[in-house]
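Asks: entry_39.cif (mmCIF, C-alpha atoms and all ligand atoms) pasted underneath:
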data_target
#
loop_
_atom_site.label_atom_id
_atom_site.label_comp_id
_atom_site.auth_asym_id
_atom_site.auth_seq_id
_atom_site.Cartn_x
_atom_site.Cartn_y
_atom_site.Cartn_z
CA MET I 162 86.74 60.16 -33.24
CA ASN I 163 88.20 56.67 -33.64
CA HIS I 164 90.59 54.60 -31.48
CA MET I 165 93.51 56.86 -32.34
CA THR I 166 92.20 59.72 -30.16
CA ARG I 167 93.10 62.28 -32.77
CA ARG I 168 93.90 65.84 -31.66
CA ARG I 169 94.27 68.82 -33.93
CA ARG I 170 96.67 71.59 -33.05
CA ALA I 171 94.89 74.68 -31.83
CA SER I 172 95.77 77.30 -34.42
CA GLN I 173 93.67 77.55 -37.54
CA HIS I 174 96.86 78.10 -39.54
CA SER I 175 98.70 75.17 -38.09
CA VAL I 176 100.28 72.89 -40.65
CA LYS I 177 100.57 69.93 -38.30
CA LEU I 178 97.99 67.36 -37.37
CA VAL I 179 99.10 65.44 -34.34
CA PHE I 180 98.24 61.77 -33.93
CA ALA I 181 98.62 61.08 -30.23
CA PRO I 182 100.78 59.52 -29.00
CA LEU I 183 102.45 58.04 -32.04
CA MET I 184 103.22 60.48 -34.79
CA THR I 185 102.73 63.78 -36.54
CA ILE I 186 101.04 64.20 -39.87
CA GLU I 187 102.23 67.34 -41.60
CA GLU I 188 100.51 69.32 -44.32
CA ASN I 189 101.81 70.80 -47.56
CA ILE I 190 105.34 69.42 -47.37
CA LEU I 191 107.54 70.04 -50.40
CA LEU I 192 108.63 66.73 -51.89
CA ALA I 193 111.49 68.00 -54.09
CA PRO I 194 114.08 67.89 -51.24
CA LEU I 195 113.02 64.31 -50.44
CA THR I 196 113.93 63.09 -53.94
CA THR I 197 117.23 62.82 -55.81
CA PHE I 198 115.73 64.65 -58.83
CA LYS I 199 115.06 67.61 -56.47
CA ILE I 200 111.91 68.27 -58.46
CA GLY I 201 108.23 68.37 -57.62
CA GLY I 202 105.50 70.13 -55.68
CA PRO I 203 104.10 69.47 -52.19
CA ALA I 204 102.37 66.50 -50.64
CA ARG I 205 98.94 67.48 -49.26
CA PHE I 206 99.78 65.35 -46.18
CA PHE I 207 103.11 63.82 -45.13
CA VAL I 208 104.15 61.44 -42.38
CA ARG I 209 107.29 59.55 -41.32
CA VAL I 210 106.63 56.04 -39.95
CA LYS I 211 109.07 54.14 -37.75
CA ASN I 212 107.14 50.91 -37.15
CA ILE I 213 104.13 48.91 -38.30
CA ASP I 214 101.75 50.48 -35.76
CA GLU I 215 102.53 53.91 -37.16
CA LEU I 216 102.07 52.58 -40.67
CA ARG I 217 98.62 51.24 -39.71
CA GLU I 218 97.69 54.64 -38.29
CA ALA I 219 98.90 56.48 -41.37
CA LEU I 220 96.83 54.18 -43.60
CA ALA I 221 93.79 54.67 -41.36
CA PHE I 222 94.22 58.44 -41.73
CA ALA I 223 94.27 58.16 -45.55
CA LYS I 224 91.22 55.92 -45.47
CA GLU I 225 89.29 58.23 -43.18
CA LYS I 226 90.08 61.24 -45.34
CA ASN I 227 89.36 59.21 -48.48
CA ILE I 228 92.63 60.21 -50.08
CA SER I 229 95.26 58.17 -51.90
CA PHE I 230 98.65 57.41 -50.33
CA PHE I 231 102.16 56.83 -51.61
CA ILE I 232 104.96 54.85 -49.93
CA LEU I 233 108.24 56.79 -50.12
CA GLY I 234 111.75 55.52 -49.46
CA GLY I 235 114.79 57.59 -50.39
CA GLY I 236 113.06 59.19 -53.40
CA SER I 237 115.77 58.04 -55.81
CA ASN I 238 113.54 56.29 -58.33
CA ILE I 239 110.61 58.68 -58.59
CA LEU I 240 109.68 61.88 -60.39
CA VAL I 241 107.18 64.03 -58.52
CA ARG I 242 104.91 66.20 -60.67
CA ASP I 243 105.21 69.99 -60.42
CA GLU I 244 101.70 70.19 -58.93
CA GLY I 245 102.67 67.76 -56.15
CA PHE I 246 100.65 64.88 -54.71
CA PRO I 247 97.08 65.45 -53.45
CA GLY I 248 97.12 62.57 -50.93
CA LEU I 249 99.28 61.28 -48.05
CA VAL I 250 102.98 60.52 -48.60
CA ILE I 251 104.20 57.91 -46.09
CA LYS I 252 107.97 57.97 -45.67
CA ILE I 253 109.26 54.64 -44.39
CA GLU I 254 111.81 55.03 -41.60
CA ILE I 255 111.69 51.55 -40.06
CA GLY I 256 115.25 50.97 -38.87
CA GLY I 257 117.41 48.18 -37.48
CA ILE I 258 120.01 45.68 -38.65
CA GLU I 259 120.22 42.22 -37.09
CA GLU I 260 122.30 39.11 -37.84
CA LYS I 261 120.72 35.74 -37.11
CA ASP I 262 121.89 32.24 -38.11
CA GLY I 263 124.00 33.50 -41.01
CA LEU I 264 121.18 35.74 -42.22
CA LEU I 265 121.12 39.51 -42.19
CA ILE I 266 117.80 41.25 -41.53
CA ALA I 267 117.52 44.97 -42.23
CA GLY I 268 114.64 47.38 -41.67
CA ALA I 269 113.09 48.95 -44.76
CA GLY I 270 114.11 52.45 -43.72
CA GLU I 271 117.84 51.70 -43.54
CA GLU I 272 119.93 53.27 -46.29
CA TRP I 273 120.87 50.63 -48.86
CA ASP I 274 124.46 51.70 -49.37
CA ALA I 275 125.10 52.02 -45.63
CA LEU I 276 123.99 48.38 -45.37
CA VAL I 277 126.41 47.38 -48.16
CA LEU I 278 129.27 49.10 -46.36
CA TYR I 279 128.27 47.42 -43.09
CA VAL I 280 128.38 43.92 -44.59
CA VAL I 281 131.57 44.57 -46.57
CA LYS I 282 133.27 45.57 -43.31
CA LYS I 283 132.00 42.33 -41.77
CA ASN I 284 133.59 40.38 -44.61
CA LEU I 285 130.32 39.08 -45.99
CA TRP I 286 130.05 38.59 -49.76
CA GLY I 287 127.00 38.95 -51.97
CA ILE I 288 125.95 42.59 -52.36
CA GLU I 289 129.30 44.34 -52.93
CA ASN I 290 128.57 44.84 -56.66
CA LEU I 291 125.42 46.73 -55.61
CA SER I 292 127.53 49.37 -53.83
CA GLY I 293 126.58 53.00 -54.31
CA ILE I 294 122.94 52.50 -55.33
CA PRO I 295 121.01 55.30 -53.63
CA GLY I 296 117.79 54.69 -51.71
CA SER I 297 116.38 52.53 -48.96
CA VAL I 298 116.55 48.82 -48.15
CA GLY I 299 112.75 48.58 -48.45
CA ALA I 300 112.69 49.77 -52.06
CA ALA I 301 115.51 47.44 -53.14
CA PRO I 302 113.24 44.40 -53.79
CA VAL I 303 110.62 46.57 -55.56
CA GLN I 304 112.68 46.77 -58.72
CA ASN I 305 115.14 43.99 -57.82
CA ILE I 306 118.02 46.46 -57.90
CA GLY I 307 120.87 45.44 -60.10
CA ALA I 308 124.25 46.67 -61.26
CA TYR I 309 127.62 45.43 -62.52
CA GLY I 310 126.62 41.82 -63.03
CA ALA I 311 124.62 41.36 -59.80
CA GLU I 312 120.97 41.59 -58.77
CA LEU I 313 119.37 41.67 -55.34
CA LYS I 314 117.45 38.44 -56.06
CA GLU I 315 120.74 36.49 -55.89
CA THR I 316 121.13 37.11 -52.14
CA LEU I 317 117.63 37.86 -50.90
CA SER I 318 115.99 35.07 -48.92
CA PHE I 319 112.81 36.69 -47.51
CA VAL I 320 110.85 39.92 -47.59
CA GLU I 321 108.55 40.93 -44.76
CA ALA I 322 105.78 43.30 -45.78
CA PHE I 323 102.55 44.81 -44.55
CA ASP I 324 99.64 43.87 -46.81
CA MET I 325 97.91 47.23 -46.92
CA SER I 326 94.67 45.94 -48.36
CA ARG I 327 94.19 43.16 -45.77
CA GLY I 328 95.96 44.80 -42.80
CA LEU I 329 98.27 41.80 -42.23
CA ILE I 330 102.00 41.23 -41.88
CA VAL I 331 103.13 38.80 -44.57
CA ARG I 332 106.40 37.06 -45.41
CA PHE I 333 107.51 36.17 -48.93
CA SER I 334 110.25 33.77 -49.96
CA ASN I 335 112.55 34.75 -52.83
CA ALA I 336 110.50 32.64 -55.27
CA GLU I 337 107.26 34.32 -54.17
CA CYS I 338 108.60 37.81 -54.91
CA GLY I 339 108.33 37.29 -58.69
CA PHE I 340 111.69 38.89 -59.43
CA GLY I 341 112.69 39.76 -62.98
CA TYR I 342 114.74 42.41 -64.74
CA ARG I 343 114.10 45.55 -62.63
CA THR I 344 110.79 44.18 -61.48
CA SER I 345 108.96 42.13 -58.86
CA MET I 346 105.38 41.49 -57.82
CA PHE I 347 105.73 44.52 -55.47
CA LYS I 348 106.27 46.73 -58.51
CA LYS I 349 103.42 45.12 -60.44
CA GLU I 350 100.94 45.75 -57.60
CA PRO I 351 101.86 49.23 -56.34
CA GLY I 352 99.99 50.27 -53.21
CA ARG I 353 99.38 46.69 -52.06
CA PHE I 354 102.48 45.80 -50.00
CA CYS I 355 104.66 48.03 -47.88
CA ILE I 356 107.97 46.26 -47.36
CA THR I 357 109.02 46.45 -43.71
CA SER I 358 112.23 44.39 -43.70
CA VAL I 359 114.48 42.38 -45.98
CA GLU I 360 116.45 39.22 -45.16
CA LEU I 361 119.68 38.48 -47.05
CA LYS I 362 121.78 35.34 -47.18
CA LEU I 363 125.40 36.39 -47.50
CA SER I 364 128.53 34.31 -47.64
CA LYS I 365 131.73 34.32 -45.55
CA ASN I 366 133.70 32.61 -48.31
CA GLY I 367 132.44 34.32 -51.43
CA VAL I 368 134.04 34.61 -54.81
CA PRO I 369 134.28 38.04 -56.48
CA ASN I 370 131.71 38.50 -59.24
CA LEU I 371 133.81 40.08 -62.00
CA SER I 372 131.47 39.22 -64.88
CA TYR I 373 130.91 42.87 -65.77
CA ARG I 374 133.50 43.99 -68.31
CA ASP I 375 134.72 47.06 -66.37
CA LEU I 376 135.54 44.83 -63.37
CA GLN I 377 137.43 42.15 -65.27
CA GLY I 378 140.83 43.82 -64.74
CA LEU I 379 140.70 43.16 -60.97
CA LYS I 380 142.94 40.29 -59.79
CA ASN I 381 141.77 38.41 -56.68
CA PRO I 382 140.26 41.55 -55.20
CA SER I 383 139.17 41.86 -51.59
CA LEU I 384 135.56 42.76 -50.83
CA LEU I 385 136.56 46.35 -50.14
CA LEU I 386 138.42 46.58 -53.44
CA VAL I 387 135.37 45.37 -55.39
CA ARG I 388 133.24 47.97 -53.60
CA GLU I 389 135.74 50.72 -54.34
CA ALA I 390 136.03 49.69 -58.00
CA VAL I 391 132.22 49.77 -58.35
CA LEU I 392 132.02 53.17 -56.65
CA GLY I 393 134.76 54.45 -58.98
CA ILE I 394 132.86 53.31 -62.09
CA ARG I 395 129.61 54.78 -60.81
CA ALA I 396 131.20 58.16 -60.11
CA LYS I 397 132.03 58.42 -63.83
CA LYS I 398 128.60 57.25 -65.04
CA PHE I 399 126.18 59.30 -62.96
CA PRO I 400 125.84 63.04 -62.36
CA ASP I 401 127.13 64.35 -59.03
CA LEU I 402 123.98 64.34 -56.89
CA THR I 403 125.24 67.32 -54.90
CA GLN I 404 125.20 69.42 -58.08
CA GLU I 405 122.38 68.06 -60.25
CA GLY I 406 119.21 66.04 -59.93
CA THR I 407 118.66 62.58 -61.39
CA ALA I 408 116.91 59.30 -60.67
CA GLY I 409 119.66 57.24 -62.34
CA SER I 410 118.63 55.34 -65.48
CA PHE I 411 115.34 56.87 -66.53
CA PHE I 412 114.37 54.08 -68.94
CA LEU I 413 114.48 50.29 -68.89
CA ASN I 414 116.52 48.53 -71.53
CA PRO I 415 113.97 47.11 -74.01
CA ILE I 416 113.57 43.35 -74.33
CA VAL I 417 112.89 42.40 -77.95
CA SER I 418 112.38 39.22 -79.98
CA LYS I 419 115.20 37.33 -81.75
CA GLU I 420 113.81 38.47 -85.14
CA LYS I 421 113.84 42.11 -84.05
CA THR I 422 117.41 41.69 -82.75
CA GLU I 423 118.52 40.31 -86.12
CA GLU I 424 116.88 43.22 -87.91
CA LEU I 425 118.65 45.70 -85.58
CA LEU I 426 122.00 43.91 -86.00
CA ARG I 427 121.73 44.22 -89.79
CA ARG I 428 121.47 48.00 -89.34
CA PHE I 429 123.82 48.32 -86.35
CA PRO I 430 126.31 45.42 -86.25
CA GLN I 431 128.00 46.76 -83.10
CA LEU I 432 124.81 46.99 -81.07
CA LEU I 433 125.31 45.75 -77.48
CA LYS I 434 122.86 43.04 -76.43
CA PHE I 435 122.46 40.57 -73.57
CA PRO I 436 120.47 37.35 -73.14
CA ALA I 437 117.25 37.87 -71.19
CA GLU I 438 114.58 35.55 -69.76
CA ASN I 439 112.01 36.28 -72.44
CA GLY I 440 113.96 37.60 -75.41
CA VAL I 441 117.06 39.72 -75.95
CA LYS I 442 117.90 42.75 -73.83
CA ILE I 443 119.13 45.58 -76.01
CA SER I 444 121.41 48.35 -74.75
CA LEU I 445 119.22 51.42 -74.89
CA ALA I 446 122.20 53.64 -74.05
CA TRP I 447 123.93 52.33 -77.19
CA LEU I 448 120.89 53.02 -79.38
CA LEU I 449 120.33 56.52 -77.94
CA ASP I 450 123.97 57.39 -78.38
CA ARG I 451 125.10 55.62 -81.56
CA ALA I 452 121.90 55.06 -83.56
CA LEU I 453 119.85 58.14 -82.66
CA LYS I 454 122.67 60.49 -81.58
CA LEU I 455 120.57 61.85 -78.73
CA LYS I 456 123.25 62.30 -76.02
CA GLY I 457 122.96 65.78 -74.54
CA THR I 458 119.43 66.39 -75.98
CA LYS I 459 117.69 69.01 -73.82
CA ARG I 460 114.20 70.05 -72.86
CA GLY I 461 114.21 73.07 -70.55
CA SER I 462 116.67 72.33 -67.74
CA ALA I 463 116.67 68.54 -68.28
CA ARG I 464 119.03 66.67 -70.61
CA LEU I 465 120.18 63.19 -71.56
CA PHE I 466 123.40 62.89 -69.58
CA GLU I 467 126.50 63.17 -71.78
CA ARG I 468 128.31 60.24 -70.14
CA GLN I 469 125.32 57.87 -70.01
CA PRO I 470 122.25 58.73 -72.10
CA LEU I 471 119.92 56.38 -70.17
CA VAL I 472 120.25 58.90 -67.36
CA ILE I 473 118.27 62.16 -67.31
CA ALA I 474 120.13 64.93 -65.47
CA ALA I 475 118.21 67.97 -64.26
CA LYS I 476 119.71 71.30 -63.30
CA ARG I 477 118.48 72.82 -60.05
CA GLY I 478 115.16 74.55 -60.73
CA ALA I 479 114.15 72.10 -63.49
CA ARG I 480 110.46 71.26 -63.76
CA ALA I 481 108.99 67.77 -63.83
CA GLY I 482 107.44 68.96 -67.10
CA ASP I 483 110.96 69.35 -68.62
CA VAL I 484 111.84 65.77 -67.68
CA ARG I 485 108.56 64.36 -68.97
CA GLU I 486 108.79 66.26 -72.27
CA LEU I 487 112.32 64.96 -72.78
CA ALA I 488 111.30 61.39 -71.90
CA GLU I 489 108.33 61.56 -74.29
CA PHE I 490 110.57 62.91 -77.06
CA VAL I 491 113.05 60.03 -76.58
CA ALA I 492 110.24 57.45 -76.56
CA SER I 493 108.75 58.91 -79.76
CA ARG I 494 112.13 58.82 -81.57
CA MET I 495 112.58 55.17 -80.55
CA ARG I 496 109.07 54.35 -81.76
CA GLU I 497 109.27 56.22 -85.06
CA GLU I 498 112.82 55.38 -86.10
CA LEU I 499 113.41 51.95 -84.60
CA LYS I 500 109.85 50.69 -83.97
CA ILE I 501 110.73 49.92 -80.35
CA GLU I 502 108.53 50.84 -77.39
CA ILE I 503 110.44 51.89 -74.28
CA GLU I 504 109.23 52.26 -70.73
CA PRO I 505 110.41 54.44 -67.87
CA GLU I 506 112.15 52.71 -64.97
CA VAL I 507 111.35 55.73 -62.81
CA ARG I 508 107.89 55.90 -61.20
CA ILE I 509 106.08 59.15 -61.99
CA LEU I 510 104.11 60.35 -58.98
C1 LIG M 601 122.33 58.20 -59.23
C2 LIG M 601 121.43 57.01 -59.22
C3 LIG M 601 121.92 55.77 -59.58
C4 LIG M 601 121.09 54.63 -59.56
N1 LIG M 601 121.62 53.43 -59.90
C5 LIG M 601 120.86 52.31 -59.85
C6 LIG M 601 121.42 51.04 -60.18
O1 LIG M 601 122.60 50.92 -60.49
N2 LIG M 601 120.60 49.95 -60.14
C7 LIG M 601 119.28 50.05 -59.77
O2 LIG M 601 118.60 49.02 -59.74
N3 LIG M 601 118.73 51.25 -59.44
C8 LIG M 601 119.49 52.38 -59.48
N4 LIG M 601 118.94 53.59 -59.15
C9 LIG M 601 117.50 53.68 -58.81
C10 LIG M 601 117.22 53.67 -57.29
O3 LIG M 601 118.37 53.96 -56.56
C11 LIG M 601 116.69 52.31 -56.83
O4 LIG M 601 115.53 51.98 -57.55
C12 LIG M 601 116.35 52.31 -55.33
O5 LIG M 601 116.07 51.00 -54.92
C13 LIG M 601 115.17 53.24 -54.99
O6 LIG M 601 115.10 53.32 -53.60
P1 LIG M 601 114.32 54.49 -52.86
O7 LIG M 601 114.25 54.15 -51.42
O8 LIG M 601 114.92 55.81 -53.20
O9 LIG M 601 112.88 54.36 -53.52
P2 LIG M 601 111.82 55.49 -53.87
O10 LIG M 601 112.33 56.30 -55.03
O11 LIG M 601 111.44 56.25 -52.66
O12 LIG M 601 110.61 54.61 -54.35
C14 LIG M 601 110.71 53.83 -55.52
C15 LIG M 601 109.49 52.90 -55.61
O13 LIG M 601 109.54 51.94 -54.56
C16 LIG M 601 108.37 52.07 -53.73
N5 LIG M 601 108.79 51.85 -52.35
C17 LIG M 601 109.73 52.54 -51.65
N6 LIG M 601 109.87 52.00 -50.43
C18 LIG M 601 109.01 50.97 -50.34
C19 LIG M 601 108.67 50.05 -49.32
N7 LIG M 601 109.26 50.04 -48.12
N8 LIG M 601 107.71 49.11 -49.60
C20 LIG M 601 107.09 49.07 -50.81
N9 LIG M 601 107.35 49.95 -51.79
C21 LIG M 601 108.32 50.87 -51.56
C22 LIG M 601 107.83 53.46 -53.98
O14 LIG M 601 106.44 53.52 -53.71
C23 LIG M 601 108.16 53.66 -55.44
O15 LIG M 601 107.20 53.03 -56.26
C24 LIG M 601 119.74 54.75 -59.17
C25 LIG M 601 119.24 56.01 -58.79
C26 LIG M 601 120.07 57.13 -58.80
C27 LIG M 601 119.54 58.45 -58.37
#
Translate this file's structure into structure tokens.
Ligand SMILES: Cc1cc2nc3c(=O)[nH]c(=O)nc-3n(C[C@H](O)[C@H](O)[C@H](O)COP(=O)(O)OP(=O)(O)OC[C@H]3O[C@@H](n4cnc5c(N)ncnc54)[C@H](O)[C@@H]3O)c2cc1C
Replies:
Amino acid sequence: MNHMTRRRRASQHSVKLVFAPLMTIEENILLAPLTTFKIGGPARFFVRVKNIDELREALAFAKEKNISFFILGGGSNILVRDEGFPGLVIKIEIGGIEEKDGLLIAGAGEEWDALVLYVVKKNLWGIENLSGIPGSVGAAPVQNIGAYGAELKETLSFVEAFDMSRGLIVRFSNAECGFGYRTSMFKKEPGRFCITSVELKLSKNGVPNLSYRDLQGLKNPSLLLVREAVLGIRAKKFPDLTQEGTAGSFFLNPIVSKEKTEELLRRFPQLLKFPAENGVKISLAWLLDRALKLKGTKRGSARLFERQPLVIAAKRGARAGDVRELAEFVASRMREELKIEIEPEVRIL
């Protein structure tokens, strides 16, 4: 028995292990309802943590049992395998929103879009183009969420995290987070840092960011109008989460060399492309739709969404196997026909 004074519930068939006095670790909890794909088997152990002490205890439990652990937010960027996860899933529910010296600090467990609405109502500019992205505040820096001409890295000042290998609270400036296109050092070192809060620098006198072509028709819009326009565009591009499962864009847009871009443009003069830090970012949706004609391609109950083929939509009852087969098929067509390697944006658990 260690310092946590662990107690086990009396019944042999109990599914709950109680950590006194802090929290309950449950057993065999289905993960599908905790994800937006609504797919996947059970976690061997599952716990909700509301502060760093609970996080420490959860990690000690995993260590003692010699099992792996996974940090879960809103489950909107993961695909859980049909057989589930054999370790401990730690769901981050650290709450709180605080304003201090023009900065906004939000707990990792807050819902991202609720935070966007909160700051829009307070007339603060900076994250309105990121309206409607599902998931938690804590996961937002992991892949430097981005949409409609904006990225989190433009407003983020600091990230506070728990270094799970050293057992320390650490603080990272924007520059230390290693942000890039849908990536950060948190994504490159999964399992090392659990983000506990995020600090944003927002502006009272912002200028609308209308760089994205679908927003260019807006004339001097208010913050609320930008948010509503973004939500309107998103409603047309993504499946209705109340009806179907998805994790949004399943793949990353590939970044290719200038020579490769020229070769592609000779074959597909209308190909959409964007400048990127280390090459040219190619519109994968364009290639899947116009070059490979894959929109609507199905495997079991999963398909490339008709309105946006970067998105995999899954009917209720779909298997993770359906999604993975479809993703592998798409990757093989890209490799064989266009000699381009693509990578999933979604983390497969
Ligand atoms: C319909 C739909 C539309 C989407 N649109 C966009 C979009 O426009 N732009 C965009 O960028 N993304 C988009 N996404 C993807 C997703 O919403 C984001 O990646 C979001 O930030 C994931 O948050 P989450 O809390 O659900 O993370 P989860 O899915 O729970 O986890 C994702 C990853 O982050 C890690 N993680 C979670 N919380 C923490 C934490 N506190 N500390 C450290 N690691 C953590 C997990 O271990 C996992 O590796 C979309 C998804 C859906 C379903």
Asks: Would you list the residues that come within 8 Å of ligand LIG 601 (chain M)? Count all atoms listed in the file and give the answer as a PDB file with C-alpha atoms, keeping the file's coordinate frame.
Replies:
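What ended up in pocket.pdb:
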ATOM      1  CA  THR I 196     113.930  63.090 -53.940  1.00  0.00           C
ATOM      2  CA  THR I 197     117.230  62.820 -55.810  1.00  0.00           C
ATOM      3  CA  PHE I 198     115.730  64.650 -58.830  1.00  0.00           C
ATOM      4  CA  PHE I 231     102.160  56.830 -51.610  1.00  0.00           C
ATOM      5  CA  ILE I 232     104.960  54.850 -49.930  1.00  0.00           C
ATOM      6  CA  LEU I 233     108.240  56.790 -50.120  1.00  0.00           C
ATOM      7  CA  GLY I 234     111.750  55.520 -49.460  1.00  0.00           C
ATOM      8  CA  GLY I 235     114.790  57.590 -50.390  1.00  0.00           C
ATOM      9  CA  GLY I 236     113.060  59.190 -53.400  1.00  0.00           C
ATOM     10  CA  SER I 237     115.770  58.040 -55.810  1.00  0.00           C
ATOM     11  CA  ASN I 238     113.540  56.290 -58.330  1.00  0.00           C
ATOM     12  CA  ILE I 239     110.610  58.680 -58.590  1.00  0.00           C
ATOM     13  CA  LYS I 252     107.970  57.970 -45.670  1.00  0.00           C
ATOM     14  CA  ILE I 253     109.260  54.640 -44.390  1.00  0.00           C
ATOM     15  CA  ALA I 269     113.090  48.950 -44.760  1.00  0.00           C
ATOM     16  CA  GLY I 270     114.110  52.450 -43.720  1.00  0.00           C
ATOM     17  CA  GLU I 272     119.930  53.270 -46.290  1.00  0.00           C
ATOM     18  CA  TRP I 273     120.870  50.630 -48.860  1.00  0.00           C
ATOM     19  CA  LEU I 291     125.420  46.730 -55.610  1.00  0.00           C
ATOM     20  CA  GLY I 293     126.580  53.000 -54.310  1.00  0.00           C
ATOM     21  CA  ILE I 294     122.940  52.500 -55.330  1.00  0.00           C
ATOM     22  CA  PRO I 295     121.010  55.300 -53.630  1.00  0.00           C
ATOM     23  CA  GLY I 296     117.790  54.690 -51.710  1.00  0.00           C
ATOM     24  CA  SER I 297     116.380  52.530 -48.960  1.00  0.00           C
ATOM     25  CA  VAL I 298     116.550  48.820 -48.150  1.00  0.00           C
ATOM     26  CA  GLY I 299     112.750  48.580 -48.450  1.00  0.00           C
ATOM     27  CA  ALA I 300     112.690  49.770 -52.060  1.00  0.00           C
ATOM     28  CA  ALA I 301     115.510  47.440 -53.140  1.00  0.00           C
ATOM     29  CA  PRO I 302     113.240  44.400 -53.790  1.00  0.00           C
ATOM     30  CA  VAL I 303     110.620  46.570 -55.560  1.00  0.00           C
ATOM     31  CA  GLN I 304     112.680  46.770 -58.720  1.00  0.00           C
ATOM     32  CA  ASN I 305     115.140  43.990 -57.820  1.00  0.00           C
ATOM     33  CA  ILE I 306     118.020  46.460 -57.900  1.00  0.00           C
ATOM     34  CA  GLY I 307     120.870  45.440 -60.100  1.00  0.00           C
ATOM     35  CA  ALA I 308     124.250  46.670 -61.260  1.00  0.00           C
ATOM     36  CA  TYR I 309     127.620  45.430 -62.520  1.00  0.00           C
ATOM     37  CA  GLU I 312     120.970  41.590 -58.770  1.00  0.00           C
ATOM     38  CA  ALA I 322     105.780  43.300 -45.780  1.00  0.00           C
ATOM     39  CA  ARG I 343     114.100  45.550 -62.630  1.00  0.00           C
ATOM     40  CA  PHE I 347     105.730  44.520 -55.470  1.00  0.00           C
ATOM     41  CA  LYS I 348     106.270  46.730 -58.510  1.00  0.00           C
ATOM     42  CA  PRO I 351     101.860  49.230 -56.340  1.00  0.00           C
ATOM     43  CA  GLY I 352      99.990  50.270 -53.210  1.00  0.00           C
ATOM     44  CA  PHE I 354     102.480  45.800 -50.000  1.00  0.00           C
ATOM     45  CA  CYS I 355     104.660  48.030 -47.880  1.00  0.00           C
ATOM     46  CA  ILE I 356     107.970  46.260 -47.360  1.00  0.00           C
ATOM     47  CA  THR I 357     109.020  46.450 -43.710  1.00  0.00           C
ATOM     48  CA  SER I 358     112.230  44.390 -43.700  1.00  0.00           C
ATOM     49  CA  ARG I 395     129.610  54.780 -60.810  1.00  0.00           C
ATOM     50  CA  PHE I 399     126.180  59.300 -62.960  1.00  0.00           C
ATOM     51  CA  PRO I 400     125.840  63.040 -62.360  1.00  0.00           C
ATOM     52  CA  ASP I 401     127.130  64.350 -59.030  1.00  0.00           C
ATOM     53  CA  LEU I 402     123.980  64.340 -56.890  1.00  0.00           C
ATOM     54  CA  GLY I 406     119.210  66.040 -59.930  1.00  0.00           C
ATOM     55  CA  THR I 407     118.660  62.580 -61.390  1.00  0.00           C
ATOM     56  CA  ALA I 408     116.910  59.300 -60.670  1.00  0.00           C
ATOM     57  CA  GLY I 409     119.660  57.240 -62.340  1.00  0.00           C
ATOM     58  CA  SER I 410     118.630  55.340 -65.480  1.00  0.00           C
ATOM     59  CA  VAL I 507     111.350  55.730 -62.810  1.00  0.00           C
ATOM     60  CA  ARG I 508     107.890  55.900 -61.200  1.00  0.00           C
TER      61      ARG I 508
END
Asks: From (123.3, 54.0, -83.2), in the file's coordinates, out to 10 Å: which residues are reached, counting all atoms listed in the file? Answer as an MDAnalysis selection string.
Replies: chainID I and resid 425 428:432 445:455
Asks: Write the residues of the preceding selection, restricted to C-alpha atoms, as a CSV table (one decimal), keeping the file's coordinate frame.
Replies:
chain,number,residue,atom,x,y,z
I,425,LEU,CA,118.6,45.7,-85.6
I,428,ARG,CA,121.5,48.0,-89.3
I,429,PHE,CA,123.8,48.3,-86.4
I,430,PRO,CA,126.3,45.4,-86.2
I,431,GLN,CA,128.0,46.8,-83.1
I,432,LEU,CA,124.8,47.0,-81.1
I,445,LEU,CA,119.2,51.4,-74.9
I,446,ALA,CA,122.2,53.6,-74.0
I,447,TRP,CA,123.9,52.3,-77.2
I,448,LEU,CA,120.9,53.0,-79.4
I,449,LEU,CA,120.3,56.5,-77.9
I,450,ASP,CA,124.0,57.4,-78.4
I,451,ARG,CA,125.1,55.6,-81.6
I,452,ALA,CA,121.9,55.1,-83.6
I,453,LEU,CA,119.8,58.1,-82.7
I,454,LYS,CA,122.7,60.5,-81.6
I,455,LEU,CA,120.6,61.8,-78.7
Asks: Using only C-alpha atoms for the distances, tell me which of I:Arg353, I:Glu497, I:Met346, I:Gly341 is nearest to Arg327 (chain I).
Replies: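 Of all the options, I:Arg353 lies closest to Arg327 (chain I).
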Asks: Just how far from CA of Leu433 (chain I) is CA of Phe412 (chain I), in Å to one decimal?
Replies: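 Computing the Euclidean distance for CA of Phe412 (chain I) and CA of Leu433 (chain I) yields 16.2 Å.
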Asks: So, with all atoms listed in the file as the atoms that count, which of I:Gly478, I:Pro369, I:Pro505, I:Gly268 lies closest to Pro415 (chain I)?
Replies: I:Pro505
Asks: Just how far from CA of Gln469 (chain I) is CA of Glu502 (chain I), in Å to one decimal?
Replies: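 CA of Gln469 (chain I) lies 19.6 Å from CA of Glu502 (chain I).
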Asks: Interatomic distance between CA of Arg480 (chain I) and CA of Phe246 (chain I)?
Replies: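 Result for CA of Arg480 (chain I) versus CA of Phe246 (chain I): 14.8 Å, one decimal.
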Asks: Which one of I:Phe333, I:Phe323, I:Tyr279, I:Tyr342 sits closest to Val441 (chain I) if you count all atoms listed in the file?
Replies: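 Distance minimum relative to Val441 (chain I) lands on I:Tyr342.
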Asks: Please identify all polymer residues within 9 Å of region 206-221 of chain I, counting all atoms listed in the file, omitting same-chain residues fewer than 4 positions from it, and present them as a ChimeraX atom specification.
Replies: /I:165,180,183-190,225-226,230,246-256,270,323,325,328,330,355,357
Asks: Show me the residues around (101.3, 65.1, -55.7) - criterion: an atom at most 8 Å away, only C-alpha atoms counted - as a PyMOL selection string.
Replies: chain I and resi 201-205+241-248+510
